[in-house]
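This report refers to the structure that appears directly beneath it.
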Amino acid sequence: MDSRTLRNLMRIVQTGSLSAAAEHSCLTVQALAAQLNKVEEQFGFRLFRRSNKGLTLTPQGTELTPYMDKVLIATRQMEEKVEALKVPGQRTLKVALNNTLSPDFNRRMIGRLIEVFPDYQMEFSYAESMENLSKLKNEDFDLAVLIGPQRPGLPSIVLPDVQVQVVGAHCGQENDPLTLLGNKFQVRPAEDCPYSHSFLRFLDAGLGNHENGQRMVYSCSETLTLSLITQMDAVGMVSREAAQKNGLTIFPGFEDFLEVRLAVNNPELSNQALNDVVDLPLHERAERNVRSRPNRHTEKEVFAEIRT
């Protein structure tokens, strides 16, 4: 089975429809059905149940889907490597920037990376920390800007004097009583999110409700959290800059500061070069609402290629 057939099967998984998957694959429904039947005959079991409502995975298909996805990722990475090897001496450095940080910070980081790695073709993406972490693990990115503490098994360098200030935010009034705010719907950061420990400290400070019956939803994205706070009249944890930009009210008496790190997923990059990247002043305090404090607790995607 070739990678094209595998991609077509994954389109069926994603759409649950032969006709929709065939349209995305630029095939007729009959041709895609023939591909599916041939694969199922080779495997010796059905991948999908057929019904008038569409196609759903069988238990065997459900177990096999993650392996199919891994094969496609490995195939794409190999194809990218082949293309890179066609140009002698040209190497690509894939960097995941962080859209929680200011545009000025990211502009400076791009400029510094181009300066320190002049022999590389640079490819940048722009997302939150959780998605950047996924890029390091699943998409073979070399560097990523992450917010929060060191991740086990992932080397990283702290960016000096660069921190993200996080706050509790809501869309009520500044003089709303604490008892009213404590009963609001809570948008809690998921366990692996950078803001999760900050939210627990927020609750421990008496600014939220620990009760099991508390209405809540979990979020891995600051963008989603901001939307839910507004739509559901909720309480959530976001950066101060994001809260102010979106017109939210900030809880008084609580703030937390998270470190910003450059995570490294490429052992070929020298320590000296990486230190050169982080040694540059990457921020201007007057332009960013992010401060460094000792002994404090310390995340749309747009792709762009910059050729040097």
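Scheme for the structure tokens: letters A, B, ... for chains in order shown; per-chain residue numbers from 1; ligand numbers from 1 in order shown.
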
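The environment of region 15-23 of chain A within 10 Å, counting only C-alpha atoms and disregarding residues fewer than 3 places along the same chain, consists of Arg7, Asn8, Leu9, Met10, Arg11, Ile12, Cys26, Leu27, Thr28, Val29, Gln30, Ala31, Leu32, Ala33, Leu36, Phe48, Arg50, Lys53, Gly54, Leu55, Thr56 and Leu57 of chain A.
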
Next item on the list: Could you give me, as a PyMOL selection string, the residues within 12 Å of Leu64 (chain A), counting only C-alpha atoms and dropping anything in the same chain fewer than 6 positions from it?
Entry: chain A and resi 6+9-10+13+40+43+45-48+57-58+70-71

Item checked: Backbone-only DSSP, helix (DSSP H, G or I) members of region 8-202 of chain A, as an MDAnalysis selection string -> chainID A and resid 8:15 18:25 29:43 59:85 103:116 129:138 178:182 196:202

Checklist line | Per-residue DSSP, region 86-260 of chain A, filtered to strand (DSSP E), as a PyMOL selection string | finding: chain A and resi 91-98+120-127+143-147+156-170+185-189+216-219+234-239+249-250+256-260

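Non-sequential neighbours of region 225-242 of chain A (distance at most 8 Å, separation of 6 or more positions within a chain, only C-alpha atoms) are A:Thr100, A:Val164, A:Gln165, A:Val166, A:Val167, A:Gly168, A:Ala169, A:His170, A:Cys171, A:Gly172, A:Leu181, A:Lys184, A:Phe185, A:Gln186, A:Val187, A:Arg188, A:Pro189, A:Tyr195, A:Ser198, A:Phe199, A:Ser219, A:Ile250, A:Asn289.
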
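For the atom pair formed by CA of Pro118 (chain A) and CA of Asp276 (chain A), the distance is 13.0 Å, given to one decimal.
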
Note to self: List as a VMD selection string the protein and nucleic acid residues near His197 (chain A), meaning an atom at most 12 Å away when only C-alpha atoms are counted, but skip any in the same chain fewer than 3 places from it.
What the structure shows: chain A and resid 148 to 149 166 188 to 194 200 to 204 237 256 to 258 297 to 298

Note to self: Taking 5 positions as the minimum chain separation for residues in the same chain, which residues sit within 9 Å of region 110-113 of chain A when counting only C-alpha atoms? Answer as number ranges by chain.
What the structure shows: A: 97, 105, 118, 122, 124, 274, 276-278, 280, 282

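Straight-line separation from CA of Leu85 (chain A) to CA of Val264 (chain A): 22.2 Å.
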
Item checked: From A:Gln173, A:Gln163, A:Thr223, A:Thr75, residue lying nearest Leu101 (chain A) [only C-alpha atoms] -> A:Gln163

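Among the candidate residues A:Thr62, A:Asn265, A:Thr249, A:Asn52, the one lying nearest to Glu139 (chain A) is A:Asn265, with distances computed using only C-alpha atoms.
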
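Put simply, CA of Tyr218 (chain A) is 10.0 Å away from CA of Ser196 (chain A).
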
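Comparing A:Ser221, A:Ser3, A:Gln244, A:Thr92 by their smallest distance to Glu123 (chain A), the closest is A:Thr92 (using only C-alpha atoms).
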
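Each of A:Glu259, A:Glu115, A:Ala144, A:Leu133 was checked against Ala273 (chain A) using only C-alpha atoms; the smallest atom-to-atom distance is that of A:Glu115.
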
Margin query: I'd like the neighbourhood of region 129-131 of chain A as a list in words, where a residue qualifies if any of its atoms comes within 7 Å (using only C-alpha atoms), though same-chain residues fewer than 5 positions away should be ignored.
Written below: Asn98, Leu146, Ile147, Cys193, Cys220 and Glu299 of chain A
